[in-house]
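For reference, input.pdb is printed below; it contains PDB, C-alpha atoms.
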```
ATOM      1  CA  MET A 230       3.435 -56.791 -88.475
ATOM      2  CA  GLN A 231       0.543 -56.586 -90.921
ATOM      3  CA  THR A 232       0.215 -53.404 -92.966
ATOM      4  CA  ALA A 233      -2.578 -51.633 -94.833
ATOM      5  CA  ALA A 234      -2.938 -48.938 -97.453
ATOM      6  CA  PHE A 235      -3.734 -45.555 -95.930
ATOM      7  CA  GLY A 236      -6.579 -44.544 -98.201
ATOM      8  CA  ASP A 237      -5.449 -43.210-101.553
ATOM      9  CA  THR A 238      -2.431 -41.369-100.098
ATOM     10  CA  GLY A 239       0.137 -43.895-101.278
ATOM     11  CA  LEU A 240       1.256 -44.540 -97.693
ATOM     12  CA  GLN A 241       1.394 -48.060 -96.300
ATOM     13  CA  VAL A 242       0.972 -48.167 -92.515
ATOM     14  CA  SER A 243       1.388 -50.824 -89.848
ATOM     15  CA  ARG A 244      -1.911 -52.105 -88.456
ATOM     16  CA  LEU A 245      -0.668 -51.115 -84.993
ATOM     17  CA  GLY A 246       0.807 -47.695 -84.323
ATOM     18  CA  LEU A 247       2.234 -46.070 -81.222
ATOM     19  CA  GLY A 248       0.345 -43.163 -79.680
ATOM     20  CA  CYS A 249       2.940 -40.948 -78.027
ATOM     21  CA  GLY A 250       0.871 -38.925 -75.546
ATOM     22  CA  ALA A 251       2.170 -40.722 -72.458
ATOM     23  CA  LEU A 252       5.614 -40.990 -74.032
ATOM     24  CA  GLY A 253       5.801 -37.184 -73.980
ATOM     25  CA  ASP A 254       5.242 -36.992 -70.224
ATOM     26  CA  ALA A 255       8.397 -35.707 -68.526
ATOM     27  CA  ARG A 256       7.894 -38.323 -65.803
ATOM     28  CA  THR A 257       8.808 -40.941 -68.409
ATOM     29  CA  SER A 258      12.599 -41.067 -68.460
ATOM     30  CA  GLU A 259      14.538 -40.498 -71.658
ATOM     31  CA  ARG A 260      15.998 -43.989 -71.364
ATOM     32  CA  ASP A 261      12.549 -45.574 -71.081
ATOM     33  CA  ALA A 262      11.271 -43.494 -73.999
ATOM     34  CA  GLU A 263      14.142 -44.640 -76.202
ATOM     35  CA  ARG A 264      13.633 -48.270 -75.197
ATOM     36  CA  LEU A 265       9.927 -48.105 -76.045
ATOM     37  CA  LEU A 266      10.477 -46.463 -79.430
ATOM     38  CA  LEU A 267      13.185 -48.887 -80.496
ATOM     39  CA  GLU A 268      11.082 -51.835 -79.351
ATOM     40  CA  ALA A 269       8.192 -50.506 -81.436
ATOM     41  CA  VAL A 270      10.434 -50.404 -84.502
ATOM     42  CA  ASP A 271      11.614 -53.954 -83.807
ATOM     43  CA  LEU A 272       7.973 -55.081 -83.615
ATOM     44  CA  GLY A 273       7.352 -53.700 -87.109
ATOM     45  CA  ILE A 274       5.426 -50.602 -86.026
ATOM     46  CA  THR A 275       5.877 -47.827 -88.588
ATOM     47  CA  LEU A 276       3.370 -45.132 -87.511
ATOM     48  CA  PHE A 277       4.205 -42.902 -84.543
ATOM     49  CA  ASP A 278       1.563 -40.355 -83.538
ATOM     50  CA  ALA A 279       2.324 -37.206 -81.537
ATOM     51  CA  ALA A 280       0.848 -33.713 -81.069
ATOM     52  CA  ARG A 281       1.942 -30.241 -80.052
ATOM     53  CA  SER A 282       0.176 -30.811 -76.726
ATOM     54  CA  TYR A 283       1.957 -34.114 -75.990
ATOM     55  CA  GLY A 284       4.795 -32.636 -73.984
ATOM     56  CA  LEU A 285       8.167 -34.011 -75.109
ATOM     57  CA  ALA A 286       6.730 -36.460 -77.663
ATOM     58  CA  GLU A 287       7.870 -34.694 -80.833
ATOM     59  CA  GLU A 288      11.356 -34.026 -79.477
ATOM     60  CA  ARG A 289      11.742 -37.641 -78.396
ATOM     61  CA  LEU A 290      10.637 -38.931 -81.773
ATOM     62  CA  GLY A 291      13.189 -36.606 -83.336
ATOM     63  CA  ARG A 292      16.004 -37.753 -81.081
ATOM     64  CA  HIS A 293      15.429 -41.483 -81.401
ATOM     65  CA  LEU A 294      13.723 -42.077 -84.749
ATOM     66  CA  ALA A 295      14.851 -39.182 -86.954
ATOM     67  CA  ARG A 296      15.411 -40.275 -90.554
ATOM     68  CA  ARG A 297      15.047 -43.948 -89.641
ATOM     69  CA  PRO A 298      13.924 -45.781 -92.811
ATOM     70  CA  GLY A 299      10.287 -46.803 -92.901
ATOM     71  CA  VAL A 300       9.152 -44.631 -89.988
ATOM     72  CA  LEU A 301       6.050 -42.498 -90.558
ATOM     73  CA  LEU A 302       5.713 -39.395 -88.374
ATOM     74  CA  SER A 303       2.226 -38.179 -87.515
ATOM     75  CA  THR A 304       1.542 -35.106 -85.443
ATOM     76  CA  LYS A 305      -1.204 -32.605 -84.729
ATOM     77  CA  GLY A 306      -1.463 -28.866 -84.292
ATOM     78  CA  GLY A 307      -3.263 -25.641 -84.964
ATOM     79  CA  TYR A 308      -2.346 -24.171 -81.582
ATOM     80  CA  GLY A 309       0.740 -23.504 -79.492
ATOM     81  CA  ALA A 310       2.888 -22.038 -82.289
ATOM     82  CA  HIS A 311       5.174 -19.413 -80.835
ATOM     83  CA  GLY A 312       4.327 -15.837 -81.703
ATOM     84  CA  VAL A 313       0.982 -16.291 -83.502
ATOM     85  CA  GLU A 314      -2.674 -16.648 -82.573
ATOM     86  CA  ASP A 315      -4.080 -20.166 -82.287
ATOM     87  CA  TRP A 316      -6.259 -21.521 -85.092
ATOM     88  CA  THR A 317      -5.105 -19.161 -87.812
ATOM     89  CA  GLY A 318      -3.367 -19.836 -91.099
ATOM     90  CA  ALA A 319      -0.193 -18.439 -89.545
ATOM     91  CA  ALA A 320      -0.528 -20.873 -86.630
ATOM     92  CA  ILE A 321      -0.694 -23.779 -89.073
ATOM     93  CA  GLU A 322       2.277 -22.614 -91.147
ATOM     94  CA  ARG A 323       4.499 -21.700 -88.226
ATOM     95  CA  GLY A 324       3.357 -24.733 -86.238
ATOM     96  CA  ILE A 325       4.418 -27.058 -89.045
ATOM     97  CA  ASP A 326       7.814 -25.371 -89.293
ATOM     98  CA  GLN A 327       8.319 -25.642 -85.541
ATOM     99  CA  ALA A 328       7.162 -29.269 -85.487
ATOM    100  CA  LEU A 329       9.671 -30.093 -88.228
ATOM    101  CA  GLY A 330      12.385 -28.711 -85.985
ATOM    102  CA  ARG A 331      11.258 -30.678 -82.940
ATOM    103  CA  LEU A 332      10.948 -33.866 -85.009
ATOM    104  CA  SER A 333      14.326 -33.291 -86.685
ATOM    105  CA  ALA A 334      12.525 -34.077 -89.934
ATOM    106  CA  GLU A 335      12.476 -32.644 -93.431
ATOM    107  CA  ARG A 336       8.837 -33.653 -93.887
ATOM    108  CA  ILE A 337       5.905 -34.686 -91.686
ATOM    109  CA  ASP A 338       4.014 -37.657 -93.099
ATOM    110  CA  LEU A 339       0.652 -36.775 -91.537
ATOM    111  CA  PHE A 340      -0.260 -33.419 -90.027
ATOM    112  CA  HIS A 341      -3.677 -33.240 -88.338
ATOM    113  CA  LEU A 342      -5.799 -30.314 -87.312
ATOM    114  CA  HIS A 343      -6.239 -31.336 -83.698
ATOM    115  CA  SER A 344      -9.864 -31.639 -82.553
ATOM    116  CA  CYS A 345     -10.960 -28.160 -83.592
ATOM    117  CA  PRO A 346     -14.723 -27.505 -83.666
ATOM    118  CA  LEU A 347     -16.708 -27.460 -86.878
ATOM    119  CA  ASP A 348     -16.755 -23.679 -87.327
ATOM    120  CA  VAL A 349     -12.940 -23.623 -87.189
ATOM    121  CA  LEU A 350     -12.584 -26.660 -89.417
ATOM    122  CA  ARG A 351     -14.649 -25.003 -92.151
ATOM    123  CA  ARG A 352     -12.295 -22.007 -92.462
ATOM    124  CA  ASP A 353     -10.557 -21.622 -95.795
ATOM    125  CA  ASP A 354      -7.415 -20.040 -94.310
ATOM    126  CA  LEU A 355      -6.574 -23.168 -92.327
ATOM    127  CA  ARG A 356      -7.053 -25.529 -95.228
ATOM    128  CA  GLY A 357      -5.151 -23.122 -97.484
ATOM    129  CA  ALA A 358      -2.198 -23.201 -95.098
ATOM    130  CA  LEU A 359      -2.228 -26.995 -95.197
ATOM    131  CA  ASP A 360      -2.347 -26.950 -98.997
ATOM    132  CA  ARG A 361       0.668 -24.628 -99.143
ATOM    133  CA  ALA A 362       2.610 -26.801 -96.714
ATOM    134  CA  ARG A 363       1.865 -29.874 -98.800
ATOM    135  CA  ALA A 364       2.853 -28.103-102.034
ATOM    136  CA  ALA A 365       6.120 -27.047-100.387
ATOM    137  CA  GLY A 366       6.885 -30.635 -99.396
ATOM    138  CA  LYS A 367       6.674 -29.942 -95.661
ATOM    139  CA  ILE A 368       3.836 -32.418 -95.122
ATOM    140  CA  ARG A 369       2.716 -35.428 -97.154
ATOM    141  CA  VAL A 370      -0.899 -35.727 -95.985
ATOM    142  CA  ALA A 371      -3.213 -33.118 -94.454
ATOM    143  CA  ALA A 372      -5.528 -34.743 -91.926
ATOM    144  CA  TYR A 373      -8.106 -34.083 -89.215
ATOM    145  CA  SER A 374      -8.264 -35.626 -85.732
ATOM    146  CA  GLY A 375     -11.655 -35.544 -84.014
ATOM    147  CA  ASP A 376     -15.087 -37.097 -83.764
ATOM    148  CA  ASN A 377     -18.804 -36.613 -84.307
ATOM    149  CA  GLU A 378     -20.048 -33.875 -86.675
ATOM    150  CA  PRO A 379     -16.601 -32.326 -87.347
ATOM    151  CA  LEU A 380     -15.298 -35.757 -88.348
ATOM    152  CA  ASP A 381     -18.250 -36.290 -90.687
ATOM    153  CA  TRP A 382     -17.631 -32.900 -92.295
ATOM    154  CA  ALA A 383     -13.889 -33.516 -92.653
ATOM    155  CA  VAL A 384     -14.536 -36.753 -94.542
ATOM    156  CA  ASP A 385     -17.264 -35.333 -96.763
ATOM    157  CA  SER A 386     -15.234 -32.196 -97.589
ATOM    158  CA  ARG A 387     -12.562 -34.277 -99.362
ATOM    159  CA  ALA A 388     -10.097 -31.642 -98.145
ATOM    160  CA  PHE A 389      -8.169 -34.179 -96.053
ATOM    161  CA  GLY A 390      -6.290 -37.298 -97.042
ATOM    162  CA  GLY A 391      -6.622 -38.819 -93.583
ATOM    163  CA  VAL A 392      -8.631 -38.675 -90.378
ATOM    164  CA  GLN A 393      -8.050 -39.904 -86.850
ATOM    165  CA  CYS A 394     -11.035 -40.785 -84.678
ATOM    166  CA  SER A 395     -12.099 -42.862 -81.695
ATOM    167  CA  VAL A 396     -12.823 -46.489 -82.573
ATOM    168  CA  SER A 397     -13.279 -49.119 -79.884
ATOM    169  CA  VAL A 398     -15.717 -51.724 -78.643
ATOM    170  CA  PHE A 399     -17.234 -48.916 -76.564
ATOM    171  CA  ASP A 400     -17.150 -46.217 -79.241
ATOM    172  CA  GLN A 401     -18.488 -47.305 -82.613
ATOM    173  CA  ARG A 402     -20.184 -44.121 -83.862
ATOM    174  CA  ALA A 403     -17.552 -43.506 -86.538
ATOM    175  CA  LEU A 404     -18.027 -47.046 -87.869
ATOM    176  CA  ARG A 405     -21.687 -46.228 -88.595
ATOM    177  CA  HIS A 406     -21.176 -42.758 -90.038
ATOM    178  CA  ALA A 407     -17.806 -41.379 -91.175
ATOM    179  CA  LEU A 408     -15.793 -44.512 -91.913
ATOM    180  CA  PRO A 409     -17.945 -46.007 -94.691
ATOM    181  CA  ARG A 410     -17.794 -42.656 -96.496
ATOM    182  CA  ALA A 411     -14.055 -42.343 -95.815
ATOM    183  CA  ALA A 412     -13.488 -45.638 -97.582
ATOM    184  CA  SER A 413     -15.459 -44.536-100.624
ATOM    185  CA  CYS A 414     -13.565 -41.206-100.717
ATOM    186  CA  GLY A 415     -10.100 -42.758-100.388
ATOM    187  CA  VAL A 416      -9.508 -41.167 -96.962
ATOM    188  CA  GLY A 417      -7.130 -43.063 -94.680
ATOM    189  CA  VAL A 418      -8.290 -43.733 -91.110
ATOM    190  CA  ILE A 419      -6.332 -44.004 -87.867
ATOM    191  CA  ALA A 420      -8.255 -45.421 -84.891
ATOM    192  CA  LYS A 421      -7.365 -43.747 -81.604
ATOM    193  CA  ARG A 422      -8.262 -45.005 -78.117
ATOM    194  CA  PRO A 423      -8.575 -48.608 -79.366
ATOM    195  CA  LEU A 424      -8.886 -49.879 -75.785
ATOM    196  CA  GLY A 425     -11.508 -47.282 -74.877
ATOM    197  CA  ASN A 426      -9.422 -46.465 -71.773
ATOM    198  CA  ALA A 427      -9.606 -50.154 -70.723
ATOM    199  CA  PRO A 428     -12.593 -49.950 -68.356
ATOM    200  CA  TRP A 429     -12.395 -53.672 -67.563
ATOM    201  CA  ARG A 430      -9.531 -52.854 -65.188
ATOM    202  CA  PHE A 431     -12.015 -51.508 -62.639
ATOM    203  CA  ALA A 432     -14.395 -53.545 -60.490
ATOM    204  CA  GLU A 433     -16.402 -50.382 -59.730
ATOM    205  CA  ARG A 434     -17.057 -47.199 -61.691
ATOM    206  CA  PRO A 435     -13.818 -45.128 -61.657
ATOM    207  CA  HIS A 436     -15.300 -41.709 -60.879
ATOM    208  CA  GLY A 437     -13.204 -38.878 -62.325
ATOM    209  CA  HIS A 438     -11.054 -41.243 -64.382
ATOM    210  CA  ASP A 439     -10.813 -41.231 -68.193
ATOM    211  CA  ALA A 440     -12.446 -44.661 -68.171
ATOM    212  CA  ASP A 441     -15.631 -43.634 -66.374
ATOM    213  CA  VAL A 442     -17.842 -43.226 -69.472
ATOM    214  CA  SER A 443     -16.417 -46.361 -71.072
ATOM    215  CA  TRP A 444     -17.114 -48.266 -67.865
ATOM    216  CA  ASP A 445     -20.771 -47.224 -68.088
ATOM    217  CA  ARG A 446     -20.841 -48.293 -71.721
ATOM    218  CA  MET A 447     -19.187 -51.624 -70.962
ATOM    219  CA  ARG A 448     -21.894 -52.383 -68.425
ATOM    220  CA  ALA A 449     -24.663 -51.362 -70.823
ATOM    221  CA  LEU A 450     -23.237 -53.471 -73.682
ATOM    222  CA  ALA A 451     -22.933 -56.543 -71.440
ATOM    223  CA  ILE A 452     -20.416 -58.180 -73.799
ATOM    224  CA  ASP A 453     -18.742 -61.383 -72.697
ATOM    225  CA  PRO A 454     -15.255 -61.305 -74.291
ATOM    226  CA  ALA A 455     -14.678 -65.056 -73.817
ATOM    227  CA  PRO A 456     -12.873 -66.975 -75.113
ATOM    228  CA  LEU A 457     -10.617 -63.942 -75.571
ATOM    229  CA  ALA A 458      -9.277 -61.609 -72.901
ATOM    230  CA  TRP A 459     -10.649 -58.068 -73.020
ATOM    231  CA  GLN A 460      -7.434 -56.523 -74.314
ATOM    232  CA  GLU A 461      -7.169 -58.918 -77.246
ATOM    233  CA  LEU A 462     -10.817 -58.411 -78.155
ATOM    234  CA  ALA A 463     -10.399 -54.626 -78.044
ATOM    235  CA  VAL A 464      -7.138 -54.470 -80.011
ATOM    236  CA  ARG A 465      -8.276 -56.787 -82.786
ATOM    237  CA  PHE A 466     -11.694 -55.099 -83.024
ATOM    238  CA  ALA A 467     -10.188 -51.629 -83.542
ATOM    239  CA  ALA A 468      -7.188 -52.585 -85.681
ATOM    240  CA  PHE A 469      -9.310 -54.482 -88.189
ATOM    241  CA  ALA A 470     -12.567 -52.518 -88.029
ATOM    242  CA  PRO A 471     -13.920 -51.801 -91.531
ATOM    243  CA  GLY A 472     -12.181 -48.754 -92.977
ATOM    244  CA  VAL A 473      -9.424 -48.575 -90.327
ATOM    245  CA  ALA A 474      -5.826 -48.764 -91.557
ATOM    246  CA  CYS A 475      -4.026 -48.407 -88.222
ATOM    247  CA  ALA A 476      -4.939 -48.386 -84.529
ATOM    248  CA  VAL A 477      -2.633 -46.265 -82.356
ATOM    249  CA  LEU A 478      -2.068 -47.631 -78.877
ATOM    250  CA  GLY A 479      -0.982 -45.151 -76.222
ATOM    251  CA  THR A 480       1.393 -46.786 -73.751
ATOM    252  CA  THR A 481       4.795 -46.475 -72.125
ATOM    253  CA  SER A 482       4.968 -50.191 -71.333
ATOM    254  CA  VAL A 483       7.105 -52.376 -73.585
ATOM    255  CA  GLU A 484       5.232 -55.452 -72.349
ATOM    256  CA  HIS A 485       1.871 -53.856 -73.125
ATOM    257  CA  LEU A 486       3.067 -52.976 -76.619
ATOM    258  CA  ARG A 487       4.369 -56.491 -77.232
ATOM    259  CA  ASP A 488       1.024 -57.955 -76.163
ATOM    260  CA  ALA A 489      -0.834 -55.643 -78.543
ATOM    261  CA  ALA A 490       1.481 -56.571 -81.420
ATOM    262  CA  ARG A 491       0.876 -60.237 -80.686
ATOM    263  CA  HIS A 492      -2.886 -59.655 -80.768
ATOM    264  CA  VAL A 493      -2.673 -57.843 -84.107
ATOM    265  CA  ALA A 494      -0.612 -60.711 -85.493
ATOM    266  CA  ALA A 495      -3.602 -62.982 -84.775
ATOM    267  CA  GLY A 496      -5.574 -61.037 -87.391
ATOM    268  CA  PRO A 497      -9.204 -59.907 -87.465
ATOM    269  CA  LEU A 498     -11.706 -61.191 -84.942
ATOM    270  CA  PRO A 499     -13.688 -64.235 -85.981
ATOM    271  CA  GLY A 500     -16.779 -63.098 -87.842
ATOM    272  CA  GLU A 501     -19.212 -64.253 -85.183
ATOM    273  CA  VAL A 502     -17.281 -62.443 -82.425
ATOM    274  CA  PHE A 503     -17.118 -59.204 -84.409
ATOM    275  CA  ALA A 504     -20.844 -59.452 -85.183
ATOM    276  CA  ARG A 505     -21.634 -60.005 -81.510
ATOM    277  CA  VAL A 506     -19.788 -56.813 -80.569
ATOM    278  CA  ARG A 507     -21.461 -54.800 -83.331
ATOM    279  CA  ASP A 508     -24.922 -56.133 -82.461
ATOM    280  CA  ALA A 509     -24.471 -55.244 -78.798
ATOM    281  CA  PHE A 510     -23.625 -51.673 -79.749
ATOM    282  CA  ASP A 511     -26.593 -51.464 -82.117
ATOM    283  CA  ARG A 512     -28.910 -52.502 -79.292
ATOM    284  CA  ALA A 513     -27.522 -50.337 -76.492
ATOM    285  CA  GLY A 514     -25.316 -47.621 -77.937
ATOM    286  CA  ALA A 515     -26.660 -46.471 -81.286
ATOM    287  CA  ALA A 516     -27.354 -42.972 -79.910
ATOM    288  CA  TRP A 517     -24.023 -42.592 -78.081
ATOM    289  CA  PRO A 518     -21.737 -39.821 -79.390
ATOM    290  CA  GLY A 519     -18.099 -40.435 -80.181
ATOM    291  CA  ARG A 520     -15.639 -39.738 -77.377
ATOM    292  CA  VAL A 521     -13.700 -36.503 -77.806
TER     293      VAL A 521
END
```
Would it be possible to restate this file's structure as C-alpha cells?
Amino acid sequence: MQTAAFGDTGLQVSRLGLGCGALGDARTSERDAERLLLEAVDLGITLFDAARSYGLAEERLGRHLARRPGVLLSTKGGYGAHGVEDWTGAAIERGIDQALGRLSAERIDLFHLHSCPLDVLRRDDLRGALDRARAAGKIRVAAYSGDNEPLDWAVDSRAFGGVQCSVSVFDQRALRHALPRAASCGVGVIAKRPLGNAPWRFAERPHGHDADVSWDRMRALAIDPAPLAWQELAVRFAAFAPGVACAVLGTTSVEHLRDAARHVAAGPLPGEVFARVRDAFDRAGAAWPGRV
C-alpha cells in the first residue's frame, strides 16, 4: 500500500483508508466487522475513520484494532457526549474522553469537529478545548470534517492540522478552493466519499437515494471512463488528487475493499485521463457546491 505524508503533522498515512460508518451498523455482525478490519490491516491500510454518530464503529475499532502497531485512529465529534450540551467546549473535552474509552486507546490520532456550521466552527471555546486535549496528549491532530465555506475557513484559520472533505469525480469543489491552500499551509487532507455514492450502479435516477445528486452530476459531466471501469477511475482520481493524502472508502465488503486496494496500487490516473475528468467538471460543474 502506498503512503503519503499527512501535511506537516508528522503522520504518514496509507493512500486508502477505511471509512467505518457502515461498519458501525448493528446489522453488520461482529464477526464480519472483525474480518473486514483485519483484512484492511493485511492490505496495508493504516487509517480507520469513525465518528460518534457511526453506531458501533468506535467500539469495534477498539475491540479489534486497539494498540495494534501502525494503526491510526480517526474519529469525529462535538455532539453526543453524555451529560453536556452539544457544540460546547465541555462537549469536546468530554467527547474526547468518552471516545478514548470506546476506542480502548490512550490517544486519538485525528479528532475532527464533525460538519459543524461556520458560526460554530469560529468559536474560540471549541478550538481551545481541542488545544487542551492536544497539549494533554489525548489527541495528536485537531481536524475539521466538512465542505464548502466552513472547509475554506478551517484551512485558512490554520487552527487545524487536518481536514476531511468530499473529493470525487462528481465533487471537485474542494480541489479548486480549499485543497491548494491546505497544501501551502501544511494541512493534511482526507478525501471522503471517493466514489461519490457510485451513481453508475443505477440505470435510472435513484430518487431518494444518496446517489441521486451524483447521478445527475454524472449525466451532466458525460465522462466516458473507458478504458477503466468506473470504480477504478473514481478510486484513483480521489486517492491521488492534488493535496489528498488518503481517501477513505466506506464499505463492509472485503471484496470491495480488496478491489479498491488493487486500484490504488496501480497509482495515479494517467495524466490525460485525469485532465479529461477535470476539464469535464470545469465545463459542467464549476458552480456546484461540495456535498455535505
Which of these residues is nearest to Asp261 (chain A), using all atoms listed in the file: A:Val483, A:Ala470, A:Asp511, A:Phe235?
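Of the candidates, the smallest distance to Asp261 (chain A) is held by A:Val483.
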Tell me which residues the PyMOL selection byres ((chain A and resi 278) around 9) grabs here, as a ChimeraX atom specification.
/A:246-250,276-277,279-280,286-287,301-305,339,477
My list of candidates is A:Gly496, A:Pro423, A:Gly306, A:Pro379. Which is closest to Trp459 (chain A) when distances are computed with all atoms listed in the file?
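Nearest to Trp459 (chain A): A:Pro423.
Among A:Thr480, A:Arg402, A:Arg289, A:Pro499, the residue with the shortest atom-to-atom distance to Ala516 (chain A), counting all atoms listed in the file, is A:Arg402.
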For the structure provided, state which residues fall under the PyMOL selection byres ((chain A and resi 312) around 12), and present them as a JSON list (two decimals) with C-alpha atoms, in the frame of the given file.
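As a result, selection.json now contains:
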```json
[["chain", "number", "residue", "atom", "x", "y", "z"],
["A", 308, "TYR", "CA", -2.35, -24.17, -81.58],
["A", 309, "GLY", "CA", 0.74, -23.50, -79.49],
["A", 310, "ALA", "CA", 2.89, -22.04, -82.29],
["A", 311, "HIS", "CA", 5.17, -19.41, -80.83],
["A", 313, "VAL", "CA", 0.98, -16.29, -83.50],
["A", 314, "GLU", "CA", -2.67, -16.65, -82.57],
["A", 315, "ASP", "CA", -4.08, -20.17, -82.29],
["A", 317, "THR", "CA", -5.11, -19.16, -87.81],
["A", 319, "ALA", "CA", -0.19, -18.44, -89.54],
["A", 320, "ALA", "CA", -0.53, -20.87, -86.63],
["A", 321, "ILE", "CA", -0.69, -23.78, -89.07],
["A", 322, "GLU", "CA", 2.28, -22.61, -91.15],
["A", 323, "ARG", "CA", 4.50, -21.70, -88.23],
["A", 324, "GLY", "CA", 3.36, -24.73, -86.24],
["A", 327, "GLN", "CA", 8.32, -25.64, -85.54]]
```
Who sits within 12 Å of His485 (chain A), all atoms listed in the file, same chain under 3 positions skipped, as an NGL selection string
:A and (247 or 265 or 268-269 or 424 or 460-461 or 464 or 478-482 or 488-492)
Among listed residues A:Ile274, A:Trp444, A:Ala328, A:Ile337, nearest Arg296 (chain A) (using all atoms listed in the file):
A:Ile337
How would region 418-425 of chain A of the given structure read as a file with all heavy atoms, as a PDB file, in the first residue's frame?
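This went into part.pdb:
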```pdb
ATOM      1  N   VAL A 418      -4.995  16.274   4.280  1.00  0.00           N
ATOM      2  CA  VAL A 418      -6.341  16.155   3.708  1.00  0.00           C
ATOM      3  C   VAL A 418      -6.737  14.692   3.555  1.00  0.00           C
ATOM      4  O   VAL A 418      -6.007  13.896   2.957  1.00  0.00           O
ATOM      5  CB  VAL A 418      -6.425  16.853   2.333  1.00  0.00           C
ATOM      6  CG1 VAL A 418      -7.813  16.662   1.725  1.00  0.00           C
ATOM      7  CG2 VAL A 418      -6.104  18.344   2.474  1.00  0.00           C
ATOM      8  N   ILE A 419      -7.912  14.372   4.087  1.00  0.00           N
ATOM      9  CA  ILE A 419      -8.562  13.078   3.864  1.00  0.00           C
ATOM     10  C   ILE A 419      -9.728  13.316   2.914  1.00  0.00           C
ATOM     11  O   ILE A 419     -10.563  14.200   3.147  1.00  0.00           O
ATOM     12  CB  ILE A 419      -9.082  12.472   5.171  1.00  0.00           C
ATOM     13  CG1 ILE A 419      -7.928  12.176   6.130  1.00  0.00           C
ATOM     14  CG2 ILE A 419      -9.882  11.201   4.902  1.00  0.00           C
ATOM     15  CD1 ILE A 419      -8.389  11.777   7.528  1.00  0.00           C
ATOM     16  N   ALA A 420      -9.804  12.524   1.851  1.00  0.00           N
ATOM     17  CA  ALA A 420     -10.923  12.595   0.906  1.00  0.00           C
ATOM     18  C   ALA A 420     -11.996  11.603   1.333  1.00  0.00           C
ATOM     19  O   ALA A 420     -11.727  10.402   1.438  1.00  0.00           O
ATOM     20  CB  ALA A 420     -10.451  12.285  -0.500  1.00  0.00           C
ATOM     21  N   LYS A 421     -13.194  12.100   1.605  1.00  0.00           N
ATOM     22  CA  LYS A 421     -14.310  11.207   1.909  1.00  0.00           C
ATOM     23  C   LYS A 421     -15.215  11.103   0.679  1.00  0.00           C
ATOM     24  O   LYS A 421     -15.132  11.903  -0.246  1.00  0.00           O
ATOM     25  CB  LYS A 421     -15.102  11.701   3.117  1.00  0.00           C
ATOM     26  CG  LYS A 421     -15.758  13.065   2.957  1.00  0.00           C
ATOM     27  CD  LYS A 421     -16.471  13.456   4.241  1.00  0.00           C
ATOM     28  CE  LYS A 421     -17.079  14.865   4.135  1.00  0.00           C
ATOM     29  NZ  LYS A 421     -17.768  15.258   5.375  1.00  0.00           N
ATOM     30  N   ARG A 422     -16.052  10.080   0.679  1.00  0.00           N
ATOM     31  CA  ARG A 422     -16.948   9.777  -0.444  1.00  0.00           C
ATOM     32  C   ARG A 422     -16.180   9.705  -1.772  1.00  0.00           C
ATOM     33  O   ARG A 422     -16.570  10.349  -2.754  1.00  0.00           O
ATOM     34  CB  ARG A 422     -18.067  10.797  -0.558  1.00  0.00           C
ATOM     35  CG  ARG A 422     -18.954  10.917   0.656  1.00  0.00           C
ATOM     36  CD  ARG A 422     -20.201  11.753   0.331  1.00  0.00           C
ATOM     37  NE  ARG A 422     -20.906  12.118   1.542  1.00  0.00           N
ATOM     38  CZ  ARG A 422     -20.766  13.276   2.169  1.00  0.00           C
ATOM     39  NH1 ARG A 422     -19.938  14.198   1.692  1.00  0.00           N
ATOM     40  NH2 ARG A 422     -21.440  13.543   3.257  1.00  0.00           N
ATOM     41  N   PRO A 423     -15.089   8.960  -1.841  1.00  0.00           N
ATOM     42  CA  PRO A 423     -14.311   8.937  -3.086  1.00  0.00           C
ATOM     43  C   PRO A 423     -15.073   8.365  -4.279  1.00  0.00           C
ATOM     44  O   PRO A 423     -14.748   8.685  -5.423  1.00  0.00           O
ATOM     45  CB  PRO A 423     -13.099   8.073  -2.736  1.00  0.00           C
ATOM     46  CG  PRO A 423     -13.550   7.221  -1.595  1.00  0.00           C
ATOM     47  CD  PRO A 423     -14.478   8.089  -0.807  1.00  0.00           C
ATOM     48  N   LEU A 424     -16.080   7.543  -4.023  1.00  0.00           N
ATOM     49  CA  LEU A 424     -16.889   7.007  -5.125  1.00  0.00           C
ATOM     50  C   LEU A 424     -18.079   7.894  -5.451  1.00  0.00           C
ATOM     51  O   LEU A 424     -18.804   7.626  -6.413  1.00  0.00           O
ATOM     52  CB  LEU A 424     -17.394   5.596  -4.794  1.00  0.00           C
ATOM     53  CG  LEU A 424     -16.343   4.543  -4.445  1.00  0.00           C
ATOM     54  CD1 LEU A 424     -16.996   3.175  -4.327  1.00  0.00           C
ATOM     55  CD2 LEU A 424     -15.221   4.509  -5.463  1.00  0.00           C
ATOM     56  N   GLY A 425     -18.296   8.946  -4.667  1.00  0.00           N
ATOM     57  CA  GLY A 425     -19.451   9.807  -4.911  1.00  0.00           C
ATOM     58  C   GLY A 425     -20.759   9.061  -4.844  1.00  0.00           C
ATOM     59  O   GLY A 425     -21.709   9.366  -5.578  1.00  0.00           O
TER      60      GLY A 425
END
```
